[in-house]
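File shown: coords.txt (compact mmCIF, C-alpha atoms and all ligand atoms).
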# COMPACT_ATOMS: atom_id res chain seq x y z
CA MET I 30 -165.25 11.07 13.53
CA GLU I 31 -167.97 8.73 12.25
CA LEU I 32 -167.01 5.05 12.21
CA ASN I 33 -167.41 3.16 8.93
CA SER I 34 -170.96 1.88 9.34
CA THR I 35 -170.23 -1.46 7.65
CA ARG I 36 -168.20 -2.43 10.75
CA ILE I 37 -171.27 -2.01 12.99
CA SER I 38 -173.62 -4.96 13.38
CA LEU I 39 -176.32 -6.20 15.74
CA ARG I 40 -176.58 -9.78 16.92
CA PRO I 41 -177.88 -11.73 19.92
CA PHE I 42 -175.57 -11.88 22.95
CA LYS I 43 -173.30 -14.87 23.41
CA ILE I 44 -171.63 -16.19 26.56
CA LYS I 45 -168.26 -15.48 24.95
CA ASP I 46 -169.07 -11.71 25.02
CA VAL I 47 -168.45 -11.64 28.76
CA ASP I 48 -165.07 -9.83 28.77
CA ASP I 49 -166.13 -7.27 26.15
CA PHE I 50 -169.47 -6.85 27.98
CA MET I 51 -167.76 -6.03 31.29
CA ILE I 52 -165.88 -3.10 29.73
CA TRP I 53 -169.05 -1.09 29.17
CA ALA I 54 -171.60 -2.75 31.50
CA GLY I 55 -169.10 -2.28 34.32
CA ASP I 56 -168.69 1.45 33.68
CA ASP I 57 -170.71 3.79 35.97
CA GLU I 58 -170.67 6.51 33.31
CA VAL I 59 -172.39 4.20 30.83
CA THR I 60 -175.00 2.93 33.30
CA LYS I 61 -175.73 6.20 35.10
CA ASN I 62 -178.81 6.94 32.96
CA LEU I 63 -179.95 3.33 32.76
CA GLN I 64 -182.35 1.41 34.98
CA TRP I 65 -179.72 -1.22 35.69
CA ARG I 66 -176.93 -1.66 38.14
CA THR I 67 -173.29 -1.44 37.06
CA ILE I 68 -171.89 -4.95 36.65
CA SER I 69 -169.09 -5.49 39.15
CA SER I 70 -167.70 -8.99 38.57
CA LYS I 71 -167.25 -11.57 35.83
CA GLU I 72 -169.71 -13.91 37.59
CA GLU I 73 -172.35 -11.19 37.61
CA ALA I 74 -171.67 -10.44 33.94
CA LEU I 75 -172.01 -14.11 32.99
CA ALA I 76 -175.25 -14.45 34.94
CA TYR I 77 -176.63 -11.26 33.37
CA ILE I 78 -175.82 -12.39 29.82
CA LYS I 79 -177.25 -15.86 30.45
CA ASP I 80 -180.36 -14.95 32.46
CA VAL I 81 -181.30 -11.52 31.10
CA CYS I 82 -179.67 -10.73 27.74
CA ILE I 83 -180.06 -14.07 25.95
CA PRO I 84 -183.70 -14.82 26.99
CA HIS I 85 -184.80 -11.19 26.37
CA PRO I 86 -187.41 -10.92 23.57
CA TRP I 87 -185.30 -8.43 21.58
CA ARG I 88 -181.94 -7.42 23.02
CA ARG I 89 -178.97 -7.25 20.68
CA SER I 90 -175.30 -6.70 21.18
CA ILE I 91 -173.98 -3.71 19.22
CA CYS I 92 -170.76 -5.06 17.71
CA ILE I 93 -167.75 -3.63 15.96
CA ASP I 94 -165.98 -6.34 14.01
CA ASP I 95 -168.12 -8.79 16.04
CA HIS I 96 -166.88 -7.48 19.45
CA SER I 97 -169.64 -6.37 21.82
CA ILE I 98 -169.33 -2.62 22.49
CA GLY I 99 -172.90 -1.92 23.57
CA MET I 100 -176.49 -3.03 23.45
CA ILE I 101 -179.86 -2.14 22.08
CA THR I 102 -183.04 -3.32 23.73
CA ILE I 103 -186.48 -3.16 22.22
CA PHE I 104 -189.23 -4.45 24.46
CA PRO I 105 -192.56 -5.11 22.72
CA GLU I 106 -195.64 -4.95 24.93
CA SER I 107 -198.45 -7.48 24.67
CA GLY I 108 -202.27 -7.44 24.71
CA ASP I 109 -203.74 -4.03 24.03
CA GLY I 110 -200.21 -2.57 24.19
CA ARG I 111 -198.91 -4.77 21.36
CA CYS I 112 -198.82 -1.74 19.06
CA ARG I 113 -195.84 -0.32 20.95
CA ALA I 114 -192.34 -1.18 22.13
CA HIS I 115 -189.83 0.55 24.38
CA VAL I 116 -186.35 1.30 23.12
CA GLY I 117 -183.09 1.61 25.08
CA TYR I 118 -179.40 1.49 24.20
CA ALA I 119 -175.87 2.01 25.50
CA VAL I 120 -172.41 2.23 23.94
CA SER I 121 -168.97 1.79 25.47
CA LYS I 122 -167.53 5.18 26.44
CA GLU I 123 -164.44 4.90 24.24
CA TYR I 124 -166.75 4.78 21.19
CA TRP I 125 -169.05 7.70 22.03
CA ASN I 126 -169.79 10.35 19.40
CA LYS I 127 -168.85 8.23 16.37
CA GLY I 128 -172.42 7.69 15.16
CA ILE I 129 -172.62 4.15 16.56
CA ALA I 130 -175.81 4.41 18.66
CA SER I 131 -177.61 6.20 15.84
CA ARG I 132 -176.61 3.55 13.32
CA ALA I 133 -177.51 0.73 15.72
CA LEU I 134 -180.89 2.27 16.52
CA LYS I 135 -181.76 2.65 12.84
CA LEU I 136 -180.79 -0.97 12.17
CA GLY I 137 -182.66 -2.17 15.28
CA ILE I 138 -185.94 -0.41 14.72
CA ASN I 139 -186.09 -1.44 11.07
CA GLN I 140 -185.49 -5.06 12.03
CA VAL I 141 -187.90 -5.17 14.96
CA ILE I 142 -190.87 -3.98 12.93
CA LYS I 143 -190.29 -6.97 10.64
CA ASP I 144 -190.01 -9.31 13.64
CA TYR I 145 -193.20 -7.96 15.28
CA PRO I 146 -195.74 -7.09 12.57
CA ASP I 147 -198.18 -5.64 15.15
CA LEU I 148 -195.72 -2.89 16.10
CA VAL I 149 -196.83 0.57 15.09
CA ARG I 150 -195.03 2.74 17.63
CA LEU I 151 -191.54 2.71 19.15
CA GLN I 152 -191.00 4.91 22.15
CA ALA I 153 -188.18 5.99 24.43
CA PHE I 154 -187.94 7.83 27.74
CA VAL I 155 -184.86 10.01 28.20
CA SER I 156 -183.88 12.09 31.18
CA VAL I 157 -183.73 15.82 30.47
CA GLU I 158 -179.97 15.95 31.13
CA ASN I 159 -179.15 13.16 28.65
CA LYS I 160 -178.49 15.35 25.62
CA ALA I 161 -176.50 12.71 23.72
CA SER I 162 -179.41 10.26 23.86
CA GLN I 163 -181.91 12.93 22.81
CA ARG I 164 -179.70 13.69 19.83
CA VAL I 165 -179.54 10.00 18.88
CA LEU I 166 -183.34 9.78 18.86
CA GLU I 167 -183.67 12.98 16.85
CA LYS I 168 -181.10 11.78 14.29
CA CYS I 169 -183.18 8.60 13.90
CA GLY I 170 -186.37 10.56 13.24
CA PHE I 171 -188.06 10.24 16.63
CA LEU I 172 -190.42 13.03 17.65
CA GLN I 173 -190.23 14.57 21.12
CA GLU I 174 -193.84 14.31 22.28
CA GLY I 175 -193.60 15.87 25.69
CA LEU I 176 -192.00 16.29 29.07
CA LEU I 177 -193.01 13.89 31.82
CA ARG I 178 -192.41 15.71 35.09
CA LYS I 179 -190.88 13.77 38.01
CA TYR I 180 -191.53 10.59 36.03
CA SER I 181 -189.03 8.07 37.35
CA TYR I 182 -186.20 7.40 39.73
CA VAL I 183 -182.87 6.78 38.02
CA LYS I 184 -180.10 5.72 40.40
CA GLY I 185 -182.10 7.13 43.31
CA GLN I 186 -182.78 10.54 41.76
CA LEU I 187 -186.22 11.59 40.63
CA LYS I 188 -186.00 12.70 36.99
CA ASP I 189 -187.99 14.71 34.52
CA MET I 190 -188.07 12.65 31.32
CA PHE I 191 -188.80 13.45 27.70
CA ILE I 192 -190.91 10.95 25.81
CA TYR I 193 -190.03 10.34 22.17
CA SER I 194 -191.70 8.17 19.56
CA ILE I 195 -191.51 7.11 15.95
CA LEU I 196 -194.22 5.30 13.98
CA SER I 197 -193.55 2.35 11.70
CA THR I 198 -194.89 4.38 8.77
CA GLU I 199 -192.12 6.96 9.38
CA LEU I 200 -189.30 4.42 9.48
CA LEU I 201 -188.53 3.40 5.95
CA SER I 202 -187.43 6.89 5.06
CA SER I 203 -184.98 7.17 8.01
CA VAL I 204 -182.75 4.09 7.62
CA HIS I 205 -180.67 5.21 4.69
CA HIS I 206 -179.63 8.58 6.13
C1 LIG I 301 -176.43 7.96 24.58
C2 LIG I 301 -175.33 7.12 23.90
C3 LIG I 301 -175.88 5.72 23.64
C4 LIG I 301 -174.96 7.78 22.56
O1 LIG I 301 -174.10 6.90 21.85
P1 LIG I 301 -173.16 7.42 20.66
O2 LIG I 301 -172.73 6.23 19.90
O3 LIG I 301 -172.16 8.33 21.20
O4 LIG I 301 -174.23 8.27 19.80
P2 LIG I 301 -174.01 8.95 18.38
O5 LIG I 301 -172.56 9.15 18.13
O6 LIG I 301 -174.80 8.18 17.37
O7 LIG I 301 -174.74 10.36 18.58
C5 LIG I 301 -174.46 11.17 19.70
C6 LIG I 301 -174.86 12.60 19.38
O8 LIG I 301 -175.01 13.34 20.59
C7 LIG I 301 -174.23 14.52 20.54
N1 LIG I 301 -173.83 14.84 21.91
C8 LIG I 301 -173.00 14.15 22.71
N2 LIG I 301 -172.92 14.76 23.91
C9 LIG I 301 -173.73 15.86 23.85
C10 LIG I 301 -174.07 16.89 24.78
N3 LIG I 301 -173.58 16.91 26.01
N4 LIG I 301 -174.92 17.86 24.37
C11 LIG I 301 -175.45 17.84 23.11
N5 LIG I 301 -175.16 16.88 22.19
C12 LIG I 301 -174.31 15.90 22.57
C13 LIG I 301 -173.08 14.14 19.62
O9 LIG I 301 -172.42 15.29 19.12
C14 LIG I 301 -173.82 13.35 18.54
O10 LIG I 301 -174.55 14.20 17.69
P3 LIG I 301 -173.99 14.60 16.22
O11 LIG I 301 -173.78 13.32 15.46
O12 LIG I 301 -175.05 15.46 15.65
O13 LIG I 301 -172.68 15.31 16.45
C15 LIG I 301 -174.05 7.02 24.78
O14 LIG I 301 -173.68 8.32 25.17
C16 LIG I 301 -174.25 6.17 26.01
O15 LIG I 301 -174.07 4.95 25.98
N6 LIG I 301 -174.65 6.81 27.14
C17 LIG I 301 -174.93 6.06 28.37
C18 LIG I 301 -176.18 5.20 28.26
C19 LIG I 301 -177.41 6.01 27.91
O16 LIG I 301 -177.55 7.15 28.32
N7 LIG I 301 -178.32 5.39 27.12
C20 LIG I 301 -179.56 6.02 26.71
C21 LIG I 301 -180.59 5.89 27.77
S1 LIG I 301 -182.12 6.68 27.24
Will you turn the file into structure tokens for me?
Amino acid sequence: MELNSTRISLRPFKIKDVDDFMIWAGDDEVTKNLQWRTISSKEEALAYIKDVCIPHPWRRSICIDDHSIGMITIFPESGDGRCRAHVGYAVSKEYWNKGIASRALKLGINQVIKDYPDLVRLQAFVSVENKASQRVLEKCGFLQEGLLRKYSYVKGQLKDMFIYSILSTELLSSVHH
């Protein structure tokens, strides 16, 4: 069942998120399709929040009632790549299939284009097996542009990845749905 979307918010990470953060960042099922290692101790979680999440150009905690239950990362490129940014996200397993990632992605992409006026294109790479993530991107209006064969290792396995994108001109119409 969809969660009431008014309970979902995005905000920068805080050190006090550490216990909530460990619940999902420490879960192999959540991290299996991500390019990062499962967090295995509170010290590692604290260091990750402090050294990676907080200084990141645009990484937000997905919160329910201000508790961190996931993250969304949008990484803008620079120089001649400043027109584009890469998108990634994860949600705690107990909250899967309630519309949370889709809501968070819509909020995130609409905010980031205001924060980075040069952004024209948001893109995401998704392994072929990750149907839930493909569905999230499709619900947010991303277009599947193609299949990148043997594109990247994820947890030691070479994956075929789909590439998806959405343009800033296509965004305004997608946030309200
Ligand atoms: C991908 C992920 C973020 C989705 O989060 P979520 O909050 O459950 O997403 P939503 O509820 O907004 O949407 C999920 C959609 O996928 C669908 N879905 C879930 N599993 C599916 C499957 N195996 N096959 C097809 N569709 C599936 C759901 O039914 C839902 O679609 P619907 O609303 O049309 O019914 C979550 O599964 C996750 O954190 N996975 C691990 C990290 C990850 O893979 N991140 C993405 C890396 S590219």
Quiz item: If you count only C-alpha atoms, which residues fall within 10 Å of Arg40 of chain I, apart from same-chain ones fewer than 2 positions away, as number ranges by chain?
Solution: I: 38, 42-43, 87-92, 95, 97, 100-101, 137
Just to be explicit: take each residue in the selection above, keep C-alpha atoms, and write the result as a PDB file, keeping the file's coordinate frame.
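Result went into result_4.pdb, see below:
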ATOM      1  CA  SER I  38    -173.620  -4.960  13.380  1.00  0.00           C
ATOM      2  CA  PHE I  42    -175.570 -11.880  22.950  1.00  0.00           C
ATOM      3  CA  LYS I  43    -173.300 -14.870  23.410  1.00  0.00           C
ATOM      4  CA  TRP I  87    -185.300  -8.430  21.580  1.00  0.00           C
ATOM      5  CA  ARG I  88    -181.940  -7.420  23.020  1.00  0.00           C
ATOM      6  CA  ARG I  89    -178.970  -7.250  20.680  1.00  0.00           C
ATOM      7  CA  SER I  90    -175.300  -6.700  21.180  1.00  0.00           C
ATOM      8  CA  ILE I  91    -173.980  -3.710  19.220  1.00  0.00           C
ATOM      9  CA  CYS I  92    -170.760  -5.060  17.710  1.00  0.00           C
ATOM     10  CA  ASP I  95    -168.120  -8.790  16.040  1.00  0.00           C
ATOM     11  CA  SER I  97    -169.640  -6.370  21.820  1.00  0.00           C
ATOM     12  CA  MET I 100    -176.490  -3.030  23.450  1.00  0.00           C
ATOM     13  CA  ILE I 101    -179.860  -2.140  22.080  1.00  0.00           C
ATOM     14  CA  GLY I 137    -182.660  -2.170  15.280  1.00  0.00           C
TER      15      GLY I 137
END
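Counting all atoms listed in the file, the residue from I:Leu172, I:Ile83, I:Ile78, I:Val183 that sits nearest to ligand LIG 301 (chain I) is I:Val183.
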Pull the closest atom pair for each residue of chain I that gets at most 7 Å from ligand LIG 301 (chain I), along with the distance in Å to one decimal, counting only C-alpha atoms and all ligand atoms, ordering rows by chain and then ascending residue number, as CSV.
residue,atom,partner,partner_atom,distance
I:Glu58,CA,I:LIG301,C17,6.5
I:Val59,CA,I:LIG301,C17,4.0
I:Thr60,CA,I:LIG301,C18,5.7
I:Lys61,CA,I:LIG301,C17,6.8
I:Asn62,CA,I:LIG301,O16,4.8
I:Leu63,CA,I:LIG301,C21,5.6
I:Gly117,CA,I:LIG301,S1,5.6
I:Tyr118,CA,I:LIG301,N7,5.0
I:Ala119,CA,I:LIG301,O15,3.5
I:Val120,CA,I:LIG301,O15,3.8
I:Ser121,CA,I:LIG301,O15,6.0
I:Lys122,CA,I:LIG301,O15,6.6
I:Tyr124,CA,I:LIG301,O2,6.3
I:Trp125,CA,I:LIG301,O3,3.3
I:Asn126,CA,I:LIG301,O5,3.3
I:Lys127,CA,I:LIG301,O5,4.2
I:Gly128,CA,I:LIG301,O6,3.3
I:Ile129,CA,I:LIG301,O2,3.9
I:Ala130,CA,I:LIG301,O2,3.8
I:Ser131,CA,I:LIG301,O6,3.8
I:Arg132,CA,I:LIG301,O6,6.4
I:Ala153,CA,I:LIG301,S1,6.7
I:Phe154,CA,I:LIG301,S1,6.0
I:Val155,CA,I:LIG301,S1,4.4
I:Ser156,CA,I:LIG301,S1,6.9
I:Asn159,CA,I:LIG301,O16,6.2
I:Lys160,CA,I:LIG301,N4,4.5
I:Ala161,CA,I:LIG301,O8,3.5
I:Ser162,CA,I:LIG301,C1,3.8
I:Arg164,CA,I:LIG301,O8,4.8
I:Val165,CA,I:LIG301,O7,4.8
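The smallest atom-to-atom distance between Lys188 of chain I and any of I:Ile44, I:Leu176, I:Ile68, I:Ile52, using only C-alpha atoms, is found for I:Leu176.
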Quiz item: What's the 10 Å shell around His96 of chain I, counting only C-alpha atoms, without same-chain residues fewer than 6 positions away, as a PyMOL selection string?
Solution: chain I and resi 37-38+45-46+48-50+90
With C-alpha atoms kept, could you save the residues just selected as a PDB file, keeping the file's coordinate frame?
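Written output follows (out.pdb):
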ATOM      1  CA  ILE I  37    -171.270  -2.010  12.990  1.00  0.00           C
ATOM      2  CA  SER I  38    -173.620  -4.960  13.380  1.00  0.00           C
ATOM      3  CA  LYS I  45    -168.260 -15.480  24.950  1.00  0.00           C
ATOM      4  CA  ASP I  46    -169.070 -11.710  25.020  1.00  0.00           C
ATOM      5  CA  ASP I  48    -165.070  -9.830  28.770  1.00  0.00           C
ATOM      6  CA  ASP I  49    -166.130  -7.270  26.150  1.00  0.00           C
ATOM      7  CA  PHE I  50    -169.470  -6.850  27.980  1.00  0.00           C
ATOM      8  CA  SER I  90    -175.300  -6.700  21.180  1.00  0.00           C
TER       9      SER I  90
END
What are the nearest atom pairs, with distances in Å to one decimal, for all residues of segment 56-121 of chain I that come at most 10 Å from segment 140-150 of chain I, using only C-alpha atoms, set out by chain and rising residue number as a tab-separated table?
residue	atom	partner	partner_atom	distance
I:Trp87	CA	I:Val141	CA	7.8
I:Ile103	CA	I:Val141	CA	7.7
I:Phe104	CA	I:Val141	CA	9.6
I:Pro105	CA	I:Leu148	CA	7.7
I:Glu106	CA	I:Leu148	CA	9.1
I:Ser107	CA	I:Asp147	CA	9.7
I:Gly110	CA	I:Leu148	CA	9.3
I:Arg111	CA	I:Asp147	CA	6.3
I:Cys112	CA	I:Leu148	CA	4.4
I:Arg113	CA	I:Arg150	CA	4.6
I:Ala114	CA	I:Arg150	CA	6.5
I:His115	CA	I:Arg150	CA	8.8
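The residue that comes closest to Glu123 of chain I, out of I:Trp53, I:Thr198, I:Lys184, I:Leu32 and on the basis of all atoms listed in the file, is I:Trp53.
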Self-check item: Using only C-alpha atoms: which of I:Val157, I:Leu151, I:Ala54, I:Cys82 has the shortest distance to Glu199 of chain I
Solution: I:Leu151
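Between atom CA of Glu167 of chain I and atom CA of Phe191 of chain I lies a distance of 12.0 Å.
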Quiz item: Any idea what the distance is between atom CA of Gln173 of chain I and atom CA of Val116 of chain I?
Solution: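 Atom-to-atom, atom CA of Gln173 of chain I to atom CA of Val116 of chain I, that is 14.0 Å.
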Exercise. Figure out the distance between atom CA of Gln152 of chain I and atom CA of Ile192 of chain I, please, to one decimal in Å.
Key: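 It comes out at 7.1 Å.
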As AutoDock Vina command-line options, please: the centre and edge lengths in Å, to one decimal, of an axis-aligned box enclosing every listed atom of segment 84-88 of chain I with 8 Å added on each side.
--center_x -184.7 --center_y -11.1 --center_z 24.3 --size_x 21.5 --size_y 23.4 --size_z 21.4
Quiz item: Which residue gives the smallest distance to Phe171 of chain I among I:Gln186, I:Ser70, I:Ser197, I:Thr35, with only C-alpha atoms counted?
Solution: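 Among I:Gln186, I:Ser70, I:Ser197, I:Thr35, it is I:Ser197 that comes nearest to Phe171 of chain I.
Residue nearest Tyr182 of chain I within the list I:Gly108, I:Leu196, I:Trp65, I:His85: I:Trp65 [criterion: smallest interatomic distance, only C-alpha atoms].
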What would segment 143-159 of chain I look like with N, CA and C atoms restored, written as a PDB file, keeping the file's coordinate frame?
ATOM      1  N   LYS I 143    -190.066  -5.750  11.454  1.00  0.00           N
ATOM      2  CA  LYS I 143    -190.290  -6.970  10.640  1.00  0.00           C
ATOM      3  C   LYS I 143    -190.547  -8.157  11.566  1.00  0.00           C
ATOM      4  N   ASP I 144    -189.854  -8.190  12.717  1.00  0.00           N
ATOM      5  CA  ASP I 144    -190.010  -9.310  13.640  1.00  0.00           C
ATOM      6  C   ASP I 144    -191.367  -9.292  14.362  1.00  0.00           C
ATOM      7  N   TYR I 145    -191.915  -8.098  14.564  1.00  0.00           N
ATOM      8  CA  TYR I 145    -193.200  -7.960  15.280  1.00  0.00           C
ATOM      9  C   TYR I 145    -194.155  -7.138  14.402  1.00  0.00           C
ATOM     10  N   PRO I 146    -194.899  -7.815  13.534  1.00  0.00           N
ATOM     11  CA  PRO I 146    -195.740  -7.090  12.570  1.00  0.00           C
ATOM     12  C   PRO I 146    -196.815  -6.209  13.222  1.00  0.00           C
ATOM     13  N   ASP I 147    -197.174  -6.481  14.491  1.00  0.00           N
ATOM     14  CA  ASP I 147    -198.180  -5.640  15.150  1.00  0.00           C
ATOM     15  C   ASP I 147    -197.630  -4.289  15.592  1.00  0.00           C
ATOM     16  N   LEU I 148    -196.312  -4.132  15.585  1.00  0.00           N
ATOM     17  CA  LEU I 148    -195.720  -2.890  16.100  1.00  0.00           C
ATOM     18  C   LEU I 148    -196.012  -1.704  15.200  1.00  0.00           C
ATOM     19  N   VAL I 149    -196.512  -0.651  15.825  1.00  0.00           N
ATOM     20  CA  VAL I 149    -196.830   0.570  15.090  1.00  0.00           C
ATOM     21  C   VAL I 149    -196.006   1.728  15.640  1.00  0.00           C
ATOM     22  N   ARG I 150    -195.652   1.613  16.930  1.00  0.00           N
ATOM     23  CA  ARG I 150    -195.030   2.740  17.630  1.00  0.00           C
ATOM     24  C   ARG I 150    -193.849   2.247  18.441  1.00  0.00           C
ATOM     25  N   LEU I 151    -192.712   2.969  18.293  1.00  0.00           N
ATOM     26  CA  LEU I 151    -191.540   2.710  19.150  1.00  0.00           C
ATOM     27  C   LEU I 151    -191.349   3.948  20.002  1.00  0.00           C
ATOM     28  N   GLN I 152    -191.106   3.740  21.286  1.00  0.00           N
ATOM     29  CA  GLN I 152    -191.000   4.910  22.150  1.00  0.00           C
ATOM     30  C   GLN I 152    -189.796   4.803  23.076  1.00  0.00           C
ATOM     31  N   ALA I 153    -189.336   5.956  23.525  1.00  0.00           N
ATOM     32  CA  ALA I 153    -188.180   5.990  24.430  1.00  0.00           C
ATOM     33  C   ALA I 153    -188.383   7.102  25.445  1.00  0.00           C
ATOM     34  N   PHE I 154    -187.920   6.843  26.663  1.00  0.00           N
ATOM     35  CA  PHE I 154    -187.940   7.830  27.740  1.00  0.00           C
ATOM     36  C   PHE I 154    -186.495   8.240  27.992  1.00  0.00           C
ATOM     37  N   VAL I 155    -186.242   9.530  28.051  1.00  0.00           N
ATOM     38  CA  VAL I 155    -184.860  10.010  28.200  1.00  0.00           C
ATOM     39  C   VAL I 155    -184.829  11.122  29.226  1.00  0.00           C
ATOM     40  N   SER I 156    -183.914  11.027  30.187  1.00  0.00           N
ATOM     41  CA  SER I 156    -183.880  12.090  31.180  1.00  0.00           C
ATOM     42  C   SER I 156    -183.445  13.405  30.515  1.00  0.00           C
ATOM     43  N   VAL I 157    -183.931  14.487  31.067  1.00  0.00           N
ATOM     44  CA  VAL I 157    -183.730  15.820  30.470  1.00  0.00           C
ATOM     45  C   VAL I 157    -182.251  16.141  30.300  1.00  0.00           C
ATOM     46  N   GLU I 158    -181.419  15.632  31.207  1.00  0.00           N
ATOM     47  CA  GLU I 158    -179.970  15.950  31.130  1.00  0.00           C
ATOM     48  C   GLU I 158    -179.255  15.139  30.050  1.00  0.00           C
ATOM     49  N   ASN I 159    -179.874  14.073  29.555  1.00  0.00           N
ATOM     50  CA  ASN I 159    -179.150  13.160  28.650  1.00  0.00           C
ATOM     51  C   ASN I 159    -179.229  13.645  27.200  1.00  0.00           C
TER      52      ASN I 159
END
